[in-house]
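Below is the file structure_18.txt, which contains compact mmCIF, C-alpha atoms and all ligand atoms.
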```txt
# COMPACT_ATOMS: atom_id res chain seq x y z
CA MET K 731 197.11 128.98 113.25
CA LYS K 732 196.20 126.71 116.14
CA ILE K 733 193.25 124.84 114.68
CA LEU K 734 190.71 122.80 116.60
CA VAL K 735 189.53 120.32 113.96
CA THR K 736 186.43 118.26 114.77
CA GLY K 737 186.04 114.95 112.95
CA GLY K 738 189.73 114.80 112.11
CA ALA K 739 189.79 110.99 112.13
CA GLY K 740 187.23 110.86 109.30
CA PHE K 741 187.68 111.06 105.55
CA ILE K 742 187.80 114.82 104.88
CA GLY K 743 188.82 115.86 108.39
CA SER K 744 191.93 113.71 108.23
CA ALA K 745 192.90 115.28 104.88
CA VAL K 746 192.56 118.69 106.55
CA VAL K 747 194.66 117.56 109.54
CA ARG K 748 197.43 116.13 107.33
CA ARG K 749 197.57 119.26 105.18
CA ALA K 750 197.35 121.69 108.09
CA ILE K 751 200.31 120.02 109.81
CA ALA K 752 202.24 119.94 106.52
CA ASN K 753 201.57 123.70 106.17
CA GLY K 754 203.05 124.35 109.63
CA HIS K 755 199.83 124.84 111.64
CA GLU K 756 199.10 123.32 115.04
CA VAL K 757 196.12 120.94 115.22
CA VAL K 758 193.92 119.72 118.06
CA ASN K 759 191.96 116.83 116.57
CA VAL K 760 188.65 116.28 118.41
CA ASP K 761 186.91 113.07 117.40
CA ALA K 762 184.51 110.64 119.08
CA LEU K 763 185.88 107.76 116.98
CA THR K 764 182.54 106.51 115.67
CA TYR K 765 182.29 103.59 113.24
CA ALA K 766 183.39 106.02 110.47
CA ALA K 767 186.66 107.06 112.11
CA CYS K 768 190.11 105.64 111.63
CA LEU K 769 193.14 107.03 113.46
CA GLU K 770 195.37 105.47 110.82
CA ASN K 771 194.16 108.28 108.53
CA VAL K 772 196.32 110.69 110.56
CA ALA K 773 199.16 108.28 111.43
CA ALA K 774 201.50 110.20 109.10
CA VAL K 775 201.30 113.30 111.33
CA SER K 776 200.41 111.93 114.76
CA ASP K 777 204.02 112.15 116.01
CA SER K 778 204.36 115.80 114.95
CA SER K 779 204.98 118.25 117.76
CA GLY K 780 202.07 120.40 116.55
CA TYR K 781 199.49 117.59 116.74
CA VAL K 782 197.25 116.60 119.67
CA PHE K 783 194.38 114.12 119.68
CA GLU K 784 191.38 114.58 121.99
CA HIS K 785 188.99 111.63 122.14
CA ALA K 786 185.76 113.54 122.76
CA ASP K 787 182.18 113.73 121.59
CA ILE K 788 180.71 117.04 120.43
CA ARG K 789 177.52 116.06 122.27
CA ASP K 790 179.51 116.45 125.52
CA CYS K 791 179.51 120.15 126.51
CA ASP K 792 181.86 119.74 129.46
CA ALA K 793 184.44 118.02 127.30
CA LEU K 794 184.24 120.82 124.71
CA ASN K 795 184.65 123.56 127.34
CA ARG K 796 187.65 121.73 128.79
CA ILE K 797 189.25 121.32 125.35
CA PHE K 798 188.89 125.04 124.51
CA GLU K 799 190.32 126.04 127.90
CA THR K 800 193.21 123.58 127.68
CA HIS K 801 194.33 124.19 124.12
CA LYS K 802 193.23 127.79 123.45
CA PRO K 803 192.77 127.48 119.66
CA ASP K 804 192.47 130.58 117.44
CA THR K 805 190.53 128.68 114.77
CA VAL K 806 187.84 126.01 114.70
CA MET K 807 187.22 123.84 111.65
CA HIS K 808 184.06 121.84 112.29
CA LEU K 809 183.79 118.65 110.25
CA ALA K 810 182.49 116.12 112.79
CA ALA K 811 179.19 114.74 111.58
CA GLU K 812 177.20 111.67 110.83
CA SER K 813 177.71 111.71 107.07
CA HIS K 814 176.10 108.72 105.35
CA VAL K 815 172.69 109.43 103.76
CA ASP K 816 171.67 105.75 103.78
CA ARG K 817 172.34 105.50 107.53
CA SER K 818 170.29 108.68 108.08
CA ILE K 819 167.29 106.96 106.49
CA ASP K 820 167.55 103.95 108.84
CA GLY K 821 168.46 105.91 112.01
CA PRO K 822 167.98 109.69 111.86
CA LYS K 823 168.38 110.23 115.62
CA ASN K 824 172.19 110.19 115.62
CA PHE K 825 172.14 112.73 112.80
CA ILE K 826 169.96 115.12 114.77
CA GLU K 827 172.03 114.68 117.93
CA THR K 828 175.49 115.04 116.38
CA ASN K 829 174.89 117.30 113.39
CA ILE K 830 172.42 119.70 115.02
CA CYS K 831 172.84 119.43 118.81
CA GLY K 832 176.58 118.78 118.52
CA THR K 833 177.02 121.87 116.35
CA PHE K 834 174.99 123.89 118.86
CA ASN K 835 177.27 122.67 121.69
CA LEU K 836 180.38 123.52 119.71
CA LEU K 837 179.07 127.01 118.87
CA GLU K 838 178.31 127.64 122.53
CA ALA K 839 181.68 126.34 123.72
CA ALA K 840 183.41 128.45 121.05
CA ARG K 841 181.38 131.54 121.96
CA LYS K 842 182.14 131.17 125.66
CA TYR K 843 185.85 130.71 124.99
CA TRP K 844 185.93 133.57 122.42
CA ALA K 845 184.26 135.91 124.95
CA SER K 846 186.79 134.87 127.62
CA GLN K 847 189.57 135.94 125.24
CA GLY K 848 188.06 139.40 124.65
CA ARG K 849 186.17 138.53 121.41
CA PRO K 850 189.15 138.76 119.02
CA GLU K 851 188.16 139.48 115.37
CA THR K 852 190.94 137.11 114.29
CA PHE K 853 189.12 134.09 115.78
CA ARG K 854 187.38 131.89 113.18
CA PHE K 855 184.65 129.28 113.42
CA HIS K 856 184.56 127.47 110.08
CA HIS K 857 181.53 125.26 109.53
CA VAL K 858 182.03 122.60 106.85
CA SER K 859 178.82 121.66 105.09
CA THR K 860 177.46 120.03 101.98
CA ASP K 861 175.74 120.99 98.72
CA GLU K 862 172.97 118.56 99.68
CA VAL K 863 171.35 121.35 101.75
CA PHE K 864 170.24 122.92 98.45
CA GLY K 865 168.13 119.92 97.43
CA SER K 866 167.96 118.45 93.96
CA LEU K 867 168.55 120.09 90.56
CA GLY K 868 166.90 119.29 87.24
CA ALA K 869 168.91 118.82 84.07
CA THR K 870 170.27 122.38 84.10
CA GLY K 871 171.42 125.05 86.56
CA LYS K 872 173.91 125.04 89.43
CA PHE K 873 173.86 125.75 93.16
CA THR K 874 175.14 129.21 94.08
CA GLU K 875 175.53 130.60 97.59
CA ASP K 876 172.10 132.26 97.10
CA THR K 877 170.22 129.07 96.20
CA PRO K 878 167.38 128.58 98.71
CA TYR K 879 167.80 125.68 101.09
CA ASP K 880 165.65 122.64 100.26
CA PRO K 881 167.09 119.57 102.05
CA ARG K 882 165.34 116.29 101.37
CA SER K 883 167.04 113.59 103.49
CA PRO K 884 167.50 113.38 107.26
CA TYR K 885 171.24 113.90 106.64
CA SER K 886 170.86 117.01 104.48
CA ALA K 887 168.14 118.42 106.76
CA SER K 888 170.44 118.04 109.77
CA LYS K 889 173.30 119.75 107.92
CA ALA K 890 170.97 122.55 106.76
CA SER K 891 169.89 123.06 110.38
CA SER K 892 173.49 123.30 111.51
CA ASP K 893 174.24 125.87 108.77
CA HIS K 894 171.35 128.00 110.05
CA LEU K 895 172.65 127.78 113.63
CA VAL K 896 176.12 128.92 112.55
CA ARG K 897 174.70 131.92 110.63
CA ALA K 898 172.50 132.80 113.60
CA TRP K 899 175.49 132.74 115.99
CA HIS K 900 177.20 135.22 113.68
CA GLU K 901 174.20 137.53 113.31
CA THR K 902 173.21 137.39 116.98
CA TYR K 903 176.51 137.13 118.83
CA ARG K 904 178.91 138.38 116.10
CA LEU K 905 180.91 135.13 116.36
CA PRO K 906 183.37 135.36 113.42
CA VAL K 907 182.19 132.45 111.26
CA VAL K 908 182.75 131.28 107.70
CA LEU K 909 180.83 128.48 105.99
CA THR K 910 181.52 126.21 103.05
CA ASN K 911 179.17 123.92 101.12
CA CYS K 912 180.96 121.31 99.06
CA SER K 913 180.02 118.73 96.46
CA ASN K 914 180.78 114.99 96.68
CA ASN K 915 184.36 114.19 97.68
CA TYR K 916 186.43 111.17 96.74
CA GLY K 917 190.02 110.02 97.22
CA PRO K 918 192.27 108.08 99.62
CA TYR K 919 190.87 107.04 103.04
CA HIS K 920 187.25 107.17 101.81
CA PHE K 921 185.28 104.89 104.15
CA PRO K 922 184.29 101.66 102.36
CA GLU K 923 180.52 102.21 102.64
CA LYS K 924 180.55 105.16 100.22
CA LEU K 925 179.94 104.72 96.48
CA ILE K 926 183.47 104.96 95.04
CA PRO K 927 185.19 102.58 97.50
CA VAL K 928 182.22 100.19 97.24
CA VAL K 929 182.69 100.12 93.47
CA ILE K 930 186.44 99.53 93.69
CA LEU K 931 186.26 96.85 96.39
CA ASN K 932 183.28 94.96 94.94
CA ALA K 933 185.00 95.00 91.55
CA LEU K 934 188.18 93.56 93.10
CA HIS K 935 186.22 90.90 95.00
CA GLY K 936 184.27 89.77 91.93
CA LYS K 937 181.01 90.89 93.57
CA PRO K 938 178.07 92.72 91.94
CA ILE K 939 178.74 96.48 91.68
CA PRO K 940 175.47 98.05 92.89
CA ILE K 941 174.02 101.14 91.22
CA TYR K 942 170.85 102.70 92.65
CA GLY K 943 167.94 103.04 90.19
CA ASN K 944 169.08 103.44 86.59
CA GLY K 945 172.35 105.22 87.41
CA SER K 946 171.28 108.55 85.93
CA ASN K 947 171.69 110.55 89.18
CA VAL K 948 174.41 113.16 88.66
CA ARG K 949 177.02 114.26 91.21
CA ASP K 950 179.78 116.89 90.97
CA TRP K 951 182.99 115.16 92.14
CA LEU K 952 185.91 116.82 93.95
CA TYR K 953 189.20 115.20 94.95
CA VAL K 954 189.46 115.32 98.74
CA GLU K 955 192.94 116.93 98.81
CA ASP K 956 191.57 119.80 96.71
CA HIS K 957 188.72 120.21 99.19
CA ALA K 958 191.15 120.29 102.13
CA GLU K 959 193.21 122.98 100.37
CA ALA K 960 190.04 125.02 99.72
CA LEU K 961 188.99 124.74 103.37
CA LEU K 962 192.36 125.96 104.64
CA LEU K 963 192.16 128.87 102.19
CA VAL K 964 188.64 129.86 103.26
CA VAL K 965 189.47 129.73 106.95
CA ARG K 966 192.44 132.08 106.41
CA LYS K 967 191.10 134.40 103.71
CA GLY K 968 187.31 134.05 103.67
CA GLU K 969 185.21 137.03 104.63
CA ILE K 970 183.54 136.80 108.06
CA GLY K 971 179.88 135.79 107.82
CA ARG K 972 180.22 134.65 104.21
CA SER K 973 179.70 131.20 102.72
CA TYR K 974 181.60 129.67 99.82
CA ASN K 975 180.45 126.88 97.52
CA ILE K 976 183.22 124.42 96.64
CA GLY K 977 182.97 122.04 93.70
CA GLY K 978 185.08 120.38 91.09
CA GLU K 979 182.88 121.17 88.05
CA ASN K 980 183.16 117.47 87.30
CA GLU K 981 179.61 116.29 86.74
CA LEU K 982 179.18 112.57 86.15
CA SER K 983 176.14 110.32 86.31
CA ASN K 984 176.61 107.41 88.69
CA LEU K 985 176.71 105.07 85.72
CA GLU K 986 179.42 107.14 83.99
CA LEU K 987 181.41 107.24 87.23
CA VAL K 988 181.21 103.49 87.79
CA ARG K 989 182.14 102.78 84.16
CA ALA K 990 185.15 105.12 84.48
CA ILE K 991 186.37 103.24 87.57
CA CYS K 992 185.88 99.89 85.84
CA GLY K 993 187.88 101.21 82.87
CA ILE K 994 190.78 102.19 85.15
CA LEU K 995 190.72 98.75 86.80
CA ASP K 996 190.60 97.08 83.37
CA ARG K 997 193.90 98.87 82.59
CA LEU K 998 195.62 98.49 85.96
CA LEU K 999 194.50 94.97 86.85
CA PRO K 1000 193.19 93.28 83.69
CA LYS K 1001 191.16 90.08 83.81
CA THR K 1002 189.37 88.17 81.07
CA ASN K 1003 186.11 90.14 81.33
CA SER K 1004 185.67 93.86 81.95
CA TYR K 1005 184.84 94.78 85.53
CA ALA K 1006 181.86 96.66 84.03
CA GLU K 1007 180.16 93.29 83.55
CA GLN K 1008 179.70 93.20 87.35
CA ILE K 1009 177.46 96.31 87.30
CA THR K 1010 174.04 95.51 88.81
CA PHE K 1011 171.10 97.92 89.09
CA VAL K 1012 169.42 97.81 92.51
CA ALA K 1013 166.35 99.44 94.09
CA GLU K 1014 166.42 103.25 94.13
CA ARG K 1015 167.34 105.11 97.37
CA PRO K 1016 164.20 106.73 98.90
CA GLY K 1017 164.21 110.46 98.12
CA HIS K 1018 167.32 110.09 95.94
CA ASP K 1019 168.25 113.58 94.71
CA MET K 1020 168.56 113.67 90.92
CA ARG K 1021 171.41 116.09 90.35
CA TYR K 1022 173.87 118.24 92.31
CA ALA K 1023 176.16 120.77 90.65
CA ILE K 1024 178.14 123.57 92.27
CA ASP K 1025 178.86 126.99 90.81
CA PRO K 1026 182.27 127.75 92.38
CA THR K 1027 182.55 131.28 90.92
CA ARG K 1028 182.74 133.01 94.34
CA ILE K 1029 185.65 130.99 95.75
CA ARG K 1030 187.46 131.15 92.41
CA GLU K 1031 187.07 134.90 91.88
CA GLU K 1032 187.35 136.11 95.48
CA LEU K 1033 189.95 133.67 96.85
CA GLY K 1034 191.66 132.40 93.68
CA TRP K 1035 190.92 128.71 94.39
CA ARG K 1036 190.58 126.10 91.70
CA PRO K 1037 190.93 122.30 91.83
CA SER K 1038 194.37 120.93 91.01
CA VAL K 1039 193.37 117.56 89.56
CA THR K 1040 190.86 116.50 86.91
CA VAL K 1041 188.36 113.78 87.77
CA GLU K 1042 190.24 111.38 85.47
CA GLU K 1043 193.52 111.94 87.36
CA GLY K 1044 191.82 111.88 90.75
CA LEU K 1045 189.97 108.63 90.06
CA GLU K 1046 193.13 106.95 88.85
CA ARG K 1047 195.04 108.10 91.98
CA THR K 1048 192.18 106.81 94.12
CA VAL K 1049 192.01 103.39 92.48
CA ARG K 1050 195.81 103.03 92.75
CA TRP K 1051 195.62 104.00 96.45
CA TYR K 1052 193.04 101.28 97.20
CA LEU K 1053 195.13 98.72 95.29
CA VAL K 1054 198.15 99.30 97.55
CA ASN K 1055 196.36 99.97 100.85
CA GLU K 1056 194.49 96.74 101.42
CA SER K 1057 195.47 96.58 105.10
CA TRP K 1058 193.67 99.93 105.64
CA TRP K 1059 190.36 98.98 104.03
CA ARG K 1060 190.24 95.29 104.97
CA ALA K 1061 189.94 96.07 108.70
CA LEU K 1062 187.08 98.49 108.03
CA LEU K 1063 185.01 95.91 106.16
CA GLU K 1064 184.31 94.26 109.54
CA ARG K 1065 182.62 97.37 110.98
CA ASP K 1066 178.91 97.45 111.71
CA GLY K 1067 176.73 97.80 108.59
CA VAL K 1068 179.61 97.92 106.09
CA GLY K 1069 179.01 95.76 103.02
CA HIS K 1070 175.21 95.67 103.50
CA ARG K 1071 172.55 97.64 101.69
CA LEU K 1072 171.31 100.32 104.10
CA GLY K 1073 168.60 102.95 103.80
CA VAL K 1074 166.00 101.13 101.73
CA GLY K 1075 163.32 102.89 103.78
N1 LIG E 1101 181.98 113.22 102.12
C1 LIG E 1101 181.54 114.17 101.32
O1 LIG E 1101 181.48 113.98 100.10
C2 LIG E 1101 181.17 115.53 101.88
C3 LIG E 1101 180.86 116.56 101.01
C4 LIG E 1101 180.57 117.82 101.53
C5 LIG E 1101 180.58 118.04 102.88
N2 LIG E 1101 180.86 117.01 103.73
C6 LIG E 1101 180.89 117.31 105.18
O2 LIG E 1101 182.25 117.20 105.59
C7 LIG E 1101 182.33 116.70 106.92
C8 LIG E 1101 183.21 115.48 106.96
O3 LIG E 1101 182.67 114.48 106.11
P1 LIG E 1101 183.40 113.07 105.96
O4 LIG E 1101 182.94 112.48 104.69
O5 LIG E 1101 184.84 113.21 106.23
O6 LIG E 1101 182.72 112.28 107.18
P2 LIG E 1101 183.19 110.93 107.89
O7 LIG E 1101 181.92 110.21 108.23
O8 LIG E 1101 184.24 110.24 107.09
O9 LIG E 1101 183.89 111.43 109.23
C9 LIG E 1101 183.17 112.03 110.28
C10 LIG E 1101 184.07 112.07 111.51
O10 LIG E 1101 183.33 112.73 112.55
C11 LIG E 1101 183.46 111.97 113.74
N3 LIG E 1101 182.25 112.17 114.55
C12 LIG E 1101 180.99 111.74 114.26
N4 LIG E 1101 180.15 112.06 115.27
C13 LIG E 1101 180.91 112.70 116.21
C14 LIG E 1101 180.62 113.27 117.46
N5 LIG E 1101 179.37 113.24 117.98
N6 LIG E 1101 181.61 113.88 118.15
C15 LIG E 1101 182.87 113.92 117.66
N7 LIG E 1101 183.21 113.35 116.46
C16 LIG E 1101 182.24 112.76 115.76
C17 LIG E 1101 183.60 110.52 113.30
O11 LIG E 1101 184.20 109.72 114.30
C18 LIG E 1101 184.45 110.66 112.04
O12 LIG E 1101 185.82 110.62 112.34
C19 LIG E 1101 180.89 116.45 107.36
O13 LIG E 1101 180.45 117.54 108.13
C20 LIG E 1101 180.12 116.34 106.06
O14 LIG E 1101 178.77 116.76 106.24
C21 LIG E 1101 181.15 115.76 103.27
```
Go through the file and emit its structure as structure tokens.
Amino acid sequence: MKILVTGGAGFIGSAVVRRAIANGHEVVNVDALTYAACLENVAAVSDSSGYVFEHADIRDCDALNRIFETHKPDTVMHLAAESHVDRSIDGPKNFIETNICGTFNLLEAARKYWASQGRPETFRFHHVSTDEVFGSLGATGKFTEDTPYDPRSPYSASKASSDHLVRAWHETYRLPVVLTNCSNNYGPYHFPEKLIPVVILNALHGKPIPIYGNGSNVRDWLYVEDHAEALLLVVRKGEIGRSYNIGGENELSNLELVRAICGILDRLLPKTNSYAEQITFVAERPGHDMRYAIDPTRIREELGWRPSVTVEEGLERTVRWYLVNESWWRALLERDGVGHRLGVG
């Protein structure tokens, strides 16, 4: 495949780029290099003959048309987005412009290019989305592909809108799309404003480890490499017009998650007190969803996907990665807003 990946300098996009190149595909990485991007994430593959980087913004229609014409991809994997819920509370505009308008621009550029090629059925537009579009669960139940949309933050509302646009472009124009909605990812190259890297780095720096509210909010965690593998499977084998929920079936409350990370650090880098003593409860996030959990039956039964690592293995790999990759994360701590509490409303 010749894959146009948007957002390939971000956390999940870069995992997709690395894996796609390793699997022998060609990649055109389109990224605006926002505060959340890091080209080092793809340094391992950037000299490959099958890799091209295009510094472009999905809000720029002319740039997108030029990129399709120049590179003639047969597949689009759309990951570029503003992705941090706390930032969406403080500044929703960027989320509307990139996640909704940017997706619209990309759909239109893809449709124009696809039409110019004679509308091949083999073309794919894969939209990568989140389980947050489904809203918040109570103590029981899981999100299936048929769960009604009920987004509750500016971030999740913008992603829900983009999902609707992608479905509409399939129904109206027959653009061959597939969609995925995934649970929370973690792993190497996770930007240091997100919960797991914040926990690891604050623990290492002897700082308070912040937990919103009482820590009872539950998330379903998936190792990022397993997500990348699932995405490459869906784009090749998924049925046109269909969506697939992706999740690790690893539900942990935030408090359980943070304690697990502290336990790993206690083993790998012991000090006199447990790192768990640094845990500090801070003001709740406005509109904080209580629980997310994915039912991955469809992708498992129809495409044979299942995660390759348990959350225990994945967390240990992640902590070890941050311990030996200080030069990667130290530079990012200087970026705007990193290390400060955002999104208090
Ligand atoms: N992180 C998660 O746990 C998770 C879970 C499910 C789904 N998702 C979805 O996966 C995708 C990737 O998430 P992530 O965590 O890797 O995000 P990220 O914030 O780490 O990376 C986003 C990338 O998109 C780029 N980008 C942002 N605005 C752009 C624009 N206007 N034009 C071009 N590039 C732009 C950034 O520069 C960055 O490289 C997103 O669509 C997100 O909604 C994320």
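Put simply, CA of Gly917 in chain K is 8.4 Å away from CA of Val1049 in chain K.
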message: Can you pull out every residue with an atom within 8 Å of ligand LIG 1101 (chain E)? Use all atoms listed in the file and format it as JSON, numbers by chain.
response: {"K": [736, 737, 738, 739, 740, 741, 742, 743, 744, 760, 761, 762, 763, 764, 765, 766, 767, 768, 785, 786, 787, 788, 789, 808, 809, 810, 811, 812, 813, 814, 827, 828, 829, 832, 857, 858, 859, 860, 861, 862, 889, 911, 912, 913, 914, 915, 916, 920, 921]}
field: Within 12 Å of file point (178.2, 93.9, 84.8), counting all atoms listed in the file, expressed as an MDAnalysis selection string
entry: chainID K and resid 929 932:933 936:941 985 988:989 992 1003:1011
- request: Check the smallest atom-to-atom distance from each of K:Arg796, K:Pro1026, K:Gly971, K:Ala958 to Thr902 in chain K using only C-alpha atoms, then report the winner.
  value: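 Looking only at the distances to Thr902 in chain K, the closest residue turns out to be K:Gly971.
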- prompt: Taking into account only C-alpha atoms, which residue in the set K:Ile830, K:Ile930, K:Val863, K:Val747 is nearest to Val896 in chain K?
  reply: K:Ile830
statement: What separates CA of Arg897 in chain K and CA of Tyr953 in chain K is a distance of 27.1 Å
Coordinates-based distance that separates CA of Val815 in chain K from CA of Leu867 in chain K (Å, one decimal):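 Distance reported for this atom pair: 17.5 Å.
The point (183.1, 133.5, 102.1) has these residues within 9 Å of it, counting only C-alpha atoms: Val908, Leu909, Thr910, Val964, Val965, Lys967, Gly968, Glu969, Ile970, Gly971, Arg972, Ser973, Tyr974, Asn975, Arg1028, Ile1029, Glu1032 and Leu1033 of chain K.
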task: Could you give me, as number ranges by chain, the residues within 8 Å of Val782 in chain K, counting only C-alpha atoms and dropping anything in the same chain fewer than 6 positions from it?
output: K: 757-759, 776
query: Could you pull the residues within 9 Å of Ala750 in chain K, counting all atoms listed in the file, minus those fewer than 6 positions along the same chain, as a ChimeraX atom specification?
result: /K:731,733,756-757,958-959,962
Generate the output file for the selected residues, C-alpha atoms, as a compact mmCIF listing (two decimals), keeping the file's coordinate frame.
```
# COMPACT_ATOMS: atom_id res chain seq x y z
CA MET K 731 197.11 128.98 113.25
CA ILE K 733 193.25 124.84 114.68
CA GLU K 756 199.10 123.32 115.04
CA VAL K 757 196.12 120.94 115.22
CA ALA K 958 191.15 120.29 102.13
CA GLU K 959 193.21 122.98 100.37
CA LEU K 962 192.36 125.96 104.64
```
message: Using all atoms listed in the file, which protein or nucleic acid residues come within 8 Å of Glu979 in chain K? Drop anything in the same chain fewer than 3 positions from it, and give the result as a list in words.
response: Asp950, Trp951, Leu952, Ala1023, Ile1024, Asp1025 and Pro1026 of chain K
Just need the box for range 1069-1074 of chain K, edges along x, y and z, holding every atom the file lists for it with 5 Å tacked onto each side, so centre and edge lengths in Å to one decimal, as lines of an AutoDock Vina configuration file.
```
center_x = 172.5
center_y = 99.3
center_z = 102.9
size_x = 23.0
size_y = 17.3
size_z = 12.4
```
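Shell of Asp804 in chain K at 9 Å, with only C-alpha atoms counted and residues fewer than 3 places along the chain excluded, is Met731, Lys732, Ile733, Leu734, Trp844, Pro850, Thr852, Phe853, Arg854 and Phe855 of chain K.
For the set K:Leu905, K:Ala752, K:Val928, K:Val1041, the residue with the smallest atom-to-atom gap to Asp956 in chain K is K:Val1041, counting only C-alpha atoms.
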Where atoms are absent from range 935-950 of chain K, fill them in so it carries N, CA, C and O atoms, then output it as a PDB file, keeping the file's coordinate frame.
```pdb
ATOM      1  N   HIS K 935     186.650  92.155  94.374  1.00  0.00           N
ATOM      2  CA  HIS K 935     186.220  90.900  95.000  1.00  0.00           C
ATOM      3  C   HIS K 935     185.309  90.078  94.098  1.00  0.00           C
ATOM      4  O   HIS K 935     184.758  89.053  94.538  1.00  0.00           O
ATOM      5  N   GLY K 936     185.118  90.525  92.851  1.00  0.00           N
ATOM      6  CA  GLY K 936     184.270  89.770  91.930  1.00  0.00           C
ATOM      7  C   GLY K 936     182.801  89.780  92.320  1.00  0.00           C
ATOM      8  O   GLY K 936     182.027  88.914  91.932  1.00  0.00           O
ATOM      9  N   LYS K 937     182.405  90.797  93.119  1.00  0.00           N
ATOM     10  CA  LYS K 937     181.010  90.890  93.570  1.00  0.00           C
ATOM     11  C   LYS K 937     180.220  91.818  92.651  1.00  0.00           C
ATOM     12  O   LYS K 937     180.816  92.643  91.946  1.00  0.00           O
ATOM     13  N   PRO K 938     178.870  91.750  92.714  1.00  0.00           N
ATOM     14  CA  PRO K 938     178.070  92.720  91.940  1.00  0.00           C
ATOM     15  C   PRO K 938     178.421  94.150  92.367  1.00  0.00           C
ATOM     16  O   PRO K 938     178.647  94.415  93.553  1.00  0.00           O
ATOM     17  N   ILE K 939     178.484  95.059  91.392  1.00  0.00           N
ATOM     18  CA  ILE K 939     178.740  96.480  91.680  1.00  0.00           C
ATOM     19  C   ILE K 939     177.381  97.175  91.654  1.00  0.00           C
ATOM     20  O   ILE K 939     176.786  97.340  90.587  1.00  0.00           O
ATOM     21  N   PRO K 940     176.856  97.552  92.841  1.00  0.00           N
ATOM     22  CA  PRO K 940     175.470  98.050  92.890  1.00  0.00           C
ATOM     23  C   PRO K 940     175.349  99.500  92.431  1.00  0.00           C
ATOM     24  O   PRO K 940     176.153 100.351  92.824  1.00  0.00           O
ATOM     25  N   ILE K 941     174.351  99.763  91.601  1.00  0.00           N
ATOM     26  CA  ILE K 941     174.020 101.140  91.220  1.00  0.00           C
ATOM     27  C   ILE K 941     172.548 101.356  91.525  1.00  0.00           C
ATOM     28  O   ILE K 941     171.697 100.568  91.089  1.00  0.00           O
ATOM     29  N   TYR K 942     172.247 102.414  92.286  1.00  0.00           N
ATOM     30  CA  TYR K 942     170.850 102.700  92.650  1.00  0.00           C
ATOM     31  C   TYR K 942     170.062 103.144  91.414  1.00  0.00           C
ATOM     32  O   TYR K 942     170.536 103.982  90.635  1.00  0.00           O
ATOM     33  N   GLY K 943     168.824 102.621  91.290  1.00  0.00           N
ATOM     34  CA  GLY K 943     167.940 103.040  90.190  1.00  0.00           C
ATOM     35  C   GLY K 943     168.560 102.714  88.849  1.00  0.00           C
ATOM     36  O   GLY K 943     169.093 101.621  88.643  1.00  0.00           O
ATOM     37  N   ASN K 944     168.505 103.698  87.922  1.00  0.00           N
ATOM     38  CA  ASN K 944     169.080 103.440  86.590  1.00  0.00           C
ATOM     39  C   ASN K 944     170.446 104.103  86.411  1.00  0.00           C
ATOM     40  O   ASN K 944     170.982 104.130  85.296  1.00  0.00           O
ATOM     41  N   GLY K 945     170.990 104.661  87.486  1.00  0.00           N
ATOM     42  CA  GLY K 945     172.350 105.220  87.410  1.00  0.00           C
ATOM     43  C   GLY K 945     172.412 106.596  86.793  1.00  0.00           C
ATOM     44  O   GLY K 945     173.497 107.108  86.513  1.00  0.00           O
ATOM     45  N   SER K 946     171.252 107.250  86.611  1.00  0.00           N
ATOM     46  CA  SER K 946     171.280 108.550  85.930  1.00  0.00           C
ATOM     47  C   SER K 946     171.476 109.729  86.897  1.00  0.00           C
ATOM     48  O   SER K 946     171.619 110.863  86.463  1.00  0.00           O
ATOM     49  N   ASN K 947     171.479 109.465  88.203  1.00  0.00           N
ATOM     50  CA  ASN K 947     171.690 110.550  89.180  1.00  0.00           C
ATOM     51  C   ASN K 947     173.083 111.145  88.985  1.00  0.00           C
ATOM     52  O   ASN K 947     174.063 110.399  88.861  1.00  0.00           O
ATOM     53  N   VAL K 948     173.147 112.473  88.970  1.00  0.00           N
ATOM     54  CA  VAL K 948     174.410 113.160  88.660  1.00  0.00           C
ATOM     55  C   VAL K 948     174.988 113.800  89.919  1.00  0.00           C
ATOM     56  O   VAL K 948     174.273 114.431  90.694  1.00  0.00           O
ATOM     57  N   ARG K 949     176.307 113.622  90.104  1.00  0.00           N
ATOM     58  CA  ARG K 949     177.020 114.260  91.210  1.00  0.00           C
ATOM     59  C   ARG K 949     178.223 115.007  90.632  1.00  0.00           C
ATOM     60  O   ARG K 949     178.736 114.661  89.566  1.00  0.00           O
ATOM     61  N   ASP K 950     178.675 116.023  91.401  1.00  0.00           N
ATOM     62  CA  ASP K 950     179.780 116.890  90.970  1.00  0.00           C
ATOM     63  C   ASP K 950     180.967 116.501  91.861  1.00  0.00           C
ATOM     64  O   ASP K 950     180.958 116.807  93.060  1.00  0.00           O
TER      65      ASP K 950
END
```
